[in-house]
Every structure is written in structure tokens, then in C-alpha cells.
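K.L.:
Pasting coords.txt below, which is compact mmCIF, C-alpha atoms.
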# COMPACT_ATOMS: atom_id res chain seq x y z
CA MET A 1 0.00 0.00 0.00
CA ILE A 2 1.41 3.38 -1.01
CA LEU A 3 1.75 5.87 1.80
CA ASN A 4 -0.65 8.79 1.57
CA PRO A 5 1.21 11.95 0.36
CA LYS A 6 -0.11 14.12 3.21
CA LEU A 7 0.93 11.52 5.77
CA THR A 8 4.31 11.14 4.05
CA LYS A 9 4.90 14.89 4.37
CA LEU A 10 3.92 14.88 8.05
CA LEU A 11 6.08 11.84 8.84
CA ASN A 12 9.04 13.61 7.23
CA GLU A 13 8.28 16.65 9.37
CA GLN A 14 8.23 14.37 12.41
CA ILE A 15 11.77 13.20 11.63
CA ASN A 16 12.74 16.87 11.88
CA ASN A 17 10.69 17.31 15.07
CA GLU A 18 12.45 14.37 16.71
CA MET A 19 15.91 15.52 15.58
CA SER A 20 15.07 19.01 16.84
CA SER A 21 14.09 17.49 20.19
CA SER A 22 17.39 15.63 20.25
CA TYR A 23 19.18 18.92 19.66
CA VAL A 24 17.17 20.62 22.43
CA TYR A 25 18.16 17.89 24.88
CA LEU A 26 21.78 18.05 23.77
CA ALA A 27 21.73 21.80 24.50
CA MET A 28 20.24 21.07 27.93
CA ALA A 29 22.99 18.50 28.58
CA SER A 30 25.55 21.07 27.52
CA TRP A 31 24.10 23.61 29.97
CA PHE A 32 24.31 21.08 32.79
CA GLU A 33 27.90 20.22 31.81
CA ARG A 34 28.83 23.75 32.92
CA THR A 35 27.29 23.16 36.36
CA PRO A 36 28.06 20.72 39.20
CA TYR A 37 25.03 18.64 38.07
CA THR A 38 26.65 15.85 36.05
CA GLY A 39 23.76 13.46 36.71
CA PHE A 40 21.28 15.85 35.10
CA ALA A 41 23.73 16.25 32.18
CA GLN A 42 23.73 12.46 31.74
CA TRP A 43 19.91 12.39 31.88
CA MET A 44 19.61 15.02 29.15
CA PHE A 45 22.30 13.37 27.03
CA ALA A 46 20.35 10.09 27.23
CA GLN A 47 17.17 11.96 26.24
CA SER A 48 18.99 13.38 23.23
CA ARG A 49 20.03 9.90 22.12
CA GLU A 50 16.48 8.61 22.62
CA GLU A 51 15.01 11.36 20.43
CA THR A 52 17.53 10.50 17.71
CA VAL A 53 16.41 6.87 17.89
CA HIS A 54 12.80 8.06 17.52
CA ALA A 55 13.72 10.05 14.41
CA LEU A 56 15.38 6.96 12.97
CA LYS A 57 12.21 4.92 13.62
CA PHE A 58 10.25 7.38 11.50
CA TYR A 59 13.01 7.36 8.89
CA GLN A 60 12.98 3.56 8.69
CA TYR A 61 9.20 3.49 8.55
CA LEU A 62 9.21 5.78 5.51
CA VAL A 63 11.92 3.67 3.87
CA ASP A 64 9.98 0.47 4.61
CA ARG A 65 6.86 2.00 3.08
CA ASP A 66 8.84 2.97 -0.04
CA ALA A 67 8.22 6.66 0.61
CA LYS A 68 10.68 9.45 -0.03
CA VAL A 69 12.62 10.71 2.99
CA GLU A 70 13.08 14.48 2.92
CA LEU A 71 15.34 15.85 5.64
CA GLN A 72 14.94 19.44 6.75
CA PRO A 73 17.14 21.94 8.59
CA ILE A 74 17.21 21.89 12.38
CA ALA A 75 16.82 25.17 14.27
CA GLN A 76 19.30 26.24 16.92
CA PRO A 77 17.98 25.33 20.38
CA LYS A 78 17.81 27.50 23.49
CA MET A 79 21.21 27.30 25.15
CA ASP A 80 20.85 29.10 28.50
CA TYR A 81 18.73 28.30 31.52
CA LYS A 82 18.30 29.73 35.01
CA SER A 83 18.28 26.55 37.09
CA PRO A 84 17.75 22.78 36.97
CA GLN A 85 14.04 23.42 37.55
CA ASP A 86 13.97 25.78 34.54
CA VAL A 87 15.61 23.12 32.36
CA PHE A 88 13.10 20.46 33.39
CA GLN A 89 10.20 22.88 32.90
CA HIS A 90 11.39 23.39 29.30
CA SER A 91 11.85 19.63 28.96
CA LEU A 92 8.22 19.05 29.97
CA GLN A 93 7.05 21.66 27.46
CA GLN A 94 9.15 19.92 24.79
CA GLU A 95 7.58 16.54 25.58
CA GLU A 96 4.06 18.01 25.54
CA LYS A 97 4.79 19.58 22.15
CA VAL A 98 5.97 16.25 20.74
CA THR A 99 2.91 14.51 22.17
CA GLN A 100 0.68 16.98 20.32
CA GLN A 101 2.64 16.40 17.11
CA ILE A 102 2.15 12.64 17.41
CA ASN A 103 -1.56 13.11 18.19
CA ASP A 104 -1.91 15.23 15.05
CA LEU A 105 -0.15 12.57 12.99
CA TYR A 106 -2.43 9.90 14.41
CA GLU A 107 -5.50 11.90 13.40
CA VAL A 108 -4.27 12.12 9.81
CA ALA A 109 -3.45 8.39 9.75
CA GLU A 110 -6.98 7.74 10.98
CA GLN A 111 -8.49 10.05 8.34
CA VAL A 112 -6.65 8.27 5.50
CA LYS A 113 -7.34 4.85 7.07
CA ASP A 114 -3.66 3.91 7.28
CA HIS A 115 -3.76 1.30 10.03
CA ALA A 116 -0.04 0.46 9.81
CA SER A 117 0.81 4.09 10.50
CA LYS A 118 -1.71 4.19 13.35
CA ASN A 119 0.04 1.18 14.88
CA LEU A 120 3.44 2.91 14.69
CA LEU A 121 1.99 6.10 16.15
CA LEU A 122 0.32 4.25 19.04
CA TRP A 123 3.77 3.09 20.11
CA PHE A 124 4.92 6.71 20.10
CA LEU A 125 1.85 7.91 22.02
CA ASN A 126 2.53 5.37 24.76
CA GLU A 127 6.18 6.41 24.81
CA GLN A 128 5.16 10.07 25.14
CA MET A 129 2.87 9.34 28.11
CA GLU A 130 5.84 7.71 29.85
CA GLU A 131 8.21 10.57 28.93
CA GLU A 132 5.86 13.25 30.19
CA LYS A 133 5.32 11.41 33.47
CA THR A 134 9.05 10.91 34.04
CA VAL A 135 9.85 14.57 33.42
CA ARG A 136 6.83 15.77 35.45
CA ASP A 137 7.89 13.58 38.39
CA MET A 138 11.43 15.02 38.36
CA LEU A 139 10.08 18.54 37.97
CA ASP A 140 7.81 18.04 40.99
CA ARG A 141 10.77 16.82 43.03
CA LEU A 142 12.90 19.77 41.90
CA LYS A 143 10.14 22.14 43.01
CA LEU A 144 10.16 20.48 46.44
CA ALA A 145 13.95 20.74 46.63
CA GLY A 146 13.85 24.43 45.78
CA GLU A 147 17.37 25.84 45.99
CA ASP A 148 18.58 23.48 48.72
CA PRO A 149 22.03 22.33 47.48
CA ALA A 150 21.95 19.00 49.32
CA SER A 151 18.52 18.09 47.92
CA LEU A 152 19.56 19.12 44.41
CA LEU A 153 22.68 16.97 44.60
CA VAL A 154 20.61 13.97 45.72
CA LEU A 155 18.25 14.45 42.75
CA ASP A 156 21.25 14.95 40.45
CA ARG A 157 22.75 11.64 41.62
CA GLU A 158 19.42 9.87 41.08
CA ALA A 159 19.14 11.40 37.60
CA GLY A 160 22.59 10.09 36.71
CA ASN A 161 21.61 6.60 37.93
CA ARG A 162 18.44 6.53 35.83
CA PRO A 163 18.54 3.57 33.41
CA GLY A 164 19.95 4.72 30.10
CA ALA A 165 21.31 7.95 31.57
CA GLY A 166 24.93 7.27 30.69
CA GLY A 167 26.72 10.46 29.75
CA PRO A 168 28.65 11.25 26.62
CA PRO A 169 31.49 8.80 25.90
CA SER A 170 34.13 11.52 26.34
CA ARG A 171 33.18 12.25 29.94
CA LYS A 172 35.94 10.90 32.20
CA PRO A 173 36.28 11.08 35.97
CA GLY A 174 38.84 13.52 37.29
CA PRO A 175 42.16 12.56 38.91
CA GLY A 176 41.86 10.38 41.97
CA ALA A 177 38.31 9.30 41.10
Translate the structure of the given file into C-alpha cells.
P.N.:
Amino acid sequence: MILNPKLTKLLNEQINNEMSSSYVYLAMASWFERTPYTGFAQWMFAQSREETVHALKFYQYLVDRDAKVELQPIAQPKMDYKSPQDVFQHSLQQEEKVTQQINDLYEVAEQVKDHASKNLLLWFLNEQMEEEKTVRDMLDRLKLAGEDPASLLVLDREAGNRPGAGGPPSRKPGPGA
């Protein structure tokens, strides 16, 4: 079955959306790299990788459906934040934006009766529910911690221990570590 042209266009846009999200998270990781919060940096780096994997799922889906992949430019992300709470607030907004994008895609797939695409998009919708909850939970905990350094360091350590939150390969412990 040939992929509907409107859906093809939107799936290509979603590759860009996912790569843009990856770039946003990489910028957040970079911000944290300039702070004492290496665990949060690892979290955001892992999120960046995950968004890239999502983009590649859409890419592969288009290839598998014999549709043309059309890559688009990626905008420069926000690079500066006020605090860990500010970063996670932006992260939640990013996840909510992606959820809306996937919902919109699902609606089009439903309109054109493309059940294979609906199946792919259901996986993403479930993933987005999990992502939003994870970020919202950390944001709630950051709000409770406020500006207490000890509490922030505990949350930072937990963030770095989150499954899949390994930092960039170049990150090495300092002398005596």
C-alpha cells in the first residue's frame, strides 16, 4: 500500500521534530555540563540519544513504506537556563509539544485509514505518556527541593543513575576518582 502523500509529508516533518528534540536535549545536557550537576547532564544526554532513535524509527518506517525521505534543517535550540528546575520545565514543554505532534499525525493516519501508521503512532503515544510522566515527576521533586544544594545533589545523583542515563562517551572522571 502506497503511503498517503499528506501523511508522508507529516512523517518527514516528524523526523525533523524528533531531531530538533534531540538537539534541544543536547543543549540542555551542555548547559548542565557547565554546572556541578553531572547526573542531570547524563539524563539530558540520554534523552537526546532517545530522540535521535525516535527520528530513525520514523526514517525507517518511511523507507519500509517505499516513501521518499526528505530531511529538513534543524533550528538552533535554546542554550541558556536559570536553574535545573527551569531546564526540566522546558523539557516538559518539549515533551508536551511532541505529544501533540504525534496526536496530530495519528489523526491524519486515521483520516486516510492507514492502520499500519496508526500502529506505529500508538507506540509513540505510549512512549510520550511515559516521557511526560518521568519529566513531570522530576520537575515536581525539583520544586520540592527548591534551591537546597543537598537536595539538588541527591536528585542529580538519582538522575545520573536513571537507566539509560549514561553520559557522553568523552566524559571521564577527574584525577583520583
K.L.:
Select, from A:Tyr106, A:Phe45, A:Phe124, A:Phe40, the residue with the minimum atom-to-atom distance to A:Tyr25, counting only C-alpha atoms.
P.N.:
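The shortest atom-to-atom distance to A:Tyr25 comes from A:Phe45.
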K.L.:
Go ahead and compute the interatomic distance for atom CA of A:Arg49 and atom CA of A:Arg136, in Å to one decimal.
P.N.:
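Atom CA of A:Arg136 lies 19.7 Å from atom CA of A:Arg49.
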K.L.:
Counting all atoms listed in the file, write as a list of chain:residue names all protein and nucleic acid residues lying at most 12 Å from (25.6, 22.3, 33.1) in the file's frame.
P.N.:
A:Tyr25, A:Leu26, A:Ala27, A:Met28, A:Ala29, A:Ser30, A:Trp31, A:Phe32, A:Glu33, A:Arg34, A:Thr35, A:Pro36, A:Tyr37, A:Thr38, A:Gly39, A:Phe40, A:Ala41, A:Gln42, A:Trp43, A:Met44, A:Phe45, A:Met79, A:Asp80, A:Tyr81, A:Lys82, A:Ser83, A:Pro84, A:Val87, A:Asp156
K.L.:
Calculated over all atoms listed in the file, which of the candidates A:Met1, A:Ile74, A:Leu56, A:Leu7 has the smallest distance to A:Ser21?
P.N.:
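Looking at the shortest contact to A:Ser21, the residue is A:Ile74.
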K.L.:
Which is closest to A:Leu3 among A:Leu139, A:Val63, A:Gln101, A:Arg157, if we use only C-alpha atoms?
P.N.:
A:Val63
K.L.:
Missing atoms in stretch 114-134 of chain A should be modelled up to N, CA and C atoms and reported as a PDB file, keeping the file's coordinate frame.
P.N.:
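The resulting result06.pdb:
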ATOM      1  N   ASP A 114      -4.950   4.590   7.354  1.00  0.00           N
ATOM      2  CA  ASP A 114      -3.660   3.910   7.280  1.00  0.00           C
ATOM      3  C   ASP A 114      -3.397   3.252   8.638  1.00  0.00           C
ATOM      4  N   HIS A 115      -3.827   2.007   8.749  1.00  0.00           N
ATOM      5  CA  HIS A 115      -3.760   1.300  10.030  1.00  0.00           C
ATOM      6  C   HIS A 115      -2.323   0.968  10.439  1.00  0.00           C
ATOM      7  N   ALA A 116      -1.438   0.727   9.480  1.00  0.00           N
ATOM      8  CA  ALA A 116      -0.040   0.460   9.810  1.00  0.00           C
ATOM      9  C   ALA A 116       0.587   1.699  10.468  1.00  0.00           C
ATOM     10  N   SER A 117       0.283   2.859   9.913  1.00  0.00           N
ATOM     11  CA  SER A 117       0.810   4.090  10.500  1.00  0.00           C
ATOM     12  C   SER A 117       0.208   4.338  11.881  1.00  0.00           C
ATOM     13  N   LYS A 118      -1.070   4.036  12.038  1.00  0.00           N
ATOM     14  CA  LYS A 118      -1.710   4.190  13.350  1.00  0.00           C
ATOM     15  C   LYS A 118      -1.010   3.306  14.382  1.00  0.00           C
ATOM     16  N   ASN A 119      -0.639   2.101  13.976  1.00  0.00           N
ATOM     17  CA  ASN A 119       0.040   1.180  14.880  1.00  0.00           C
ATOM     18  C   ASN A 119       1.396   1.755  15.310  1.00  0.00           C
ATOM     19  N   LEU A 120       2.161   2.272  14.371  1.00  0.00           N
ATOM     20  CA  LEU A 120       3.440   2.910  14.690  1.00  0.00           C
ATOM     21  C   LEU A 120       3.216   4.073  15.646  1.00  0.00           C
ATOM     22  N   LEU A 121       2.234   4.891  15.358  1.00  0.00           N
ATOM     23  CA  LEU A 121       1.990   6.100  16.150  1.00  0.00           C
ATOM     24  C   LEU A 121       1.466   5.783  17.549  1.00  0.00           C
ATOM     25  N   LEU A 122       0.749   4.676  17.701  1.00  0.00           N
ATOM     26  CA  LEU A 122       0.320   4.250  19.040  1.00  0.00           C
ATOM     27  C   LEU A 122       1.528   3.963  19.938  1.00  0.00           C
ATOM     28  N   TRP A 123       2.553   3.338  19.348  1.00  0.00           N
ATOM     29  CA  TRP A 123       3.770   3.090  20.110  1.00  0.00           C
ATOM     30  C   TRP A 123       4.336   4.414  20.612  1.00  0.00           C
ATOM     31  N   PHE A 124       4.388   5.405  19.727  1.00  0.00           N
ATOM     32  CA  PHE A 124       4.920   6.710  20.100  1.00  0.00           C
ATOM     33  C   PHE A 124       4.045   7.411  21.143  1.00  0.00           C
ATOM     34  N   LEU A 125       2.736   7.282  21.030  1.00  0.00           N
ATOM     35  CA  LEU A 125       1.850   7.910  22.020  1.00  0.00           C
ATOM     36  C   LEU A 125       2.076   7.317  23.407  1.00  0.00           C
ATOM     37  N   ASN A 126       2.236   5.998  23.471  1.00  0.00           N
ATOM     38  CA  ASN A 126       2.530   5.370  24.760  1.00  0.00           C
ATOM     39  C   ASN A 126       3.881   5.823  25.300  1.00  0.00           C
ATOM     40  N   GLU A 127       4.856   5.932  24.431  1.00  0.00           N
ATOM     41  CA  GLU A 127       6.180   6.410  24.810  1.00  0.00           C
ATOM     42  C   GLU A 127       6.093   7.839  25.358  1.00  0.00           C
ATOM     43  N   GLN A 128       5.297   8.677  24.707  1.00  0.00           N
ATOM     44  CA  GLN A 128       5.160  10.070  25.140  1.00  0.00           C
ATOM     45  C   GLN A 128       4.495  10.182  26.504  1.00  0.00           C
ATOM     46  N   MET A 129       3.502   9.331  26.773  1.00  0.00           N
ATOM     47  CA  MET A 129       2.870   9.340  28.110  1.00  0.00           C
ATOM     48  C   MET A 129       3.928   9.056  29.179  1.00  0.00           C
ATOM     49  N   GLU A 130       4.784   8.079  28.911  1.00  0.00           N
ATOM     50  CA  GLU A 130       5.840   7.710  29.850  1.00  0.00           C
ATOM     51  C   GLU A 130       6.852   8.862  29.997  1.00  0.00           C
ATOM     52  N   GLU A 131       7.236   9.470  28.881  1.00  0.00           N
ATOM     53  CA  GLU A 131       8.210  10.570  28.930  1.00  0.00           C
ATOM     54  C   GLU A 131       7.682  11.755  29.726  1.00  0.00           C
ATOM     55  N   GLU A 132       6.445  12.128  29.453  1.00  0.00           N
ATOM     56  CA  GLU A 132       5.860  13.250  30.190  1.00  0.00           C
ATOM     57  C   GLU A 132       5.812  12.963  31.681  1.00  0.00           C
ATOM     58  N   LYS A 133       5.415  11.752  32.053  1.00  0.00           N
ATOM     59  CA  LYS A 133       5.320  11.410  33.470  1.00  0.00           C
ATOM     60  C   LYS A 133       6.696  11.462  34.138  1.00  0.00           C
ATOM     61  N   THR A 134       7.706  10.924  33.478  1.00  0.00           N
ATOM     62  CA  THR A 134       9.050  10.910  34.040  1.00  0.00           C
ATOM     63  C   THR A 134       9.572  12.324  34.273  1.00  0.00           C
TER      64      THR A 134
END
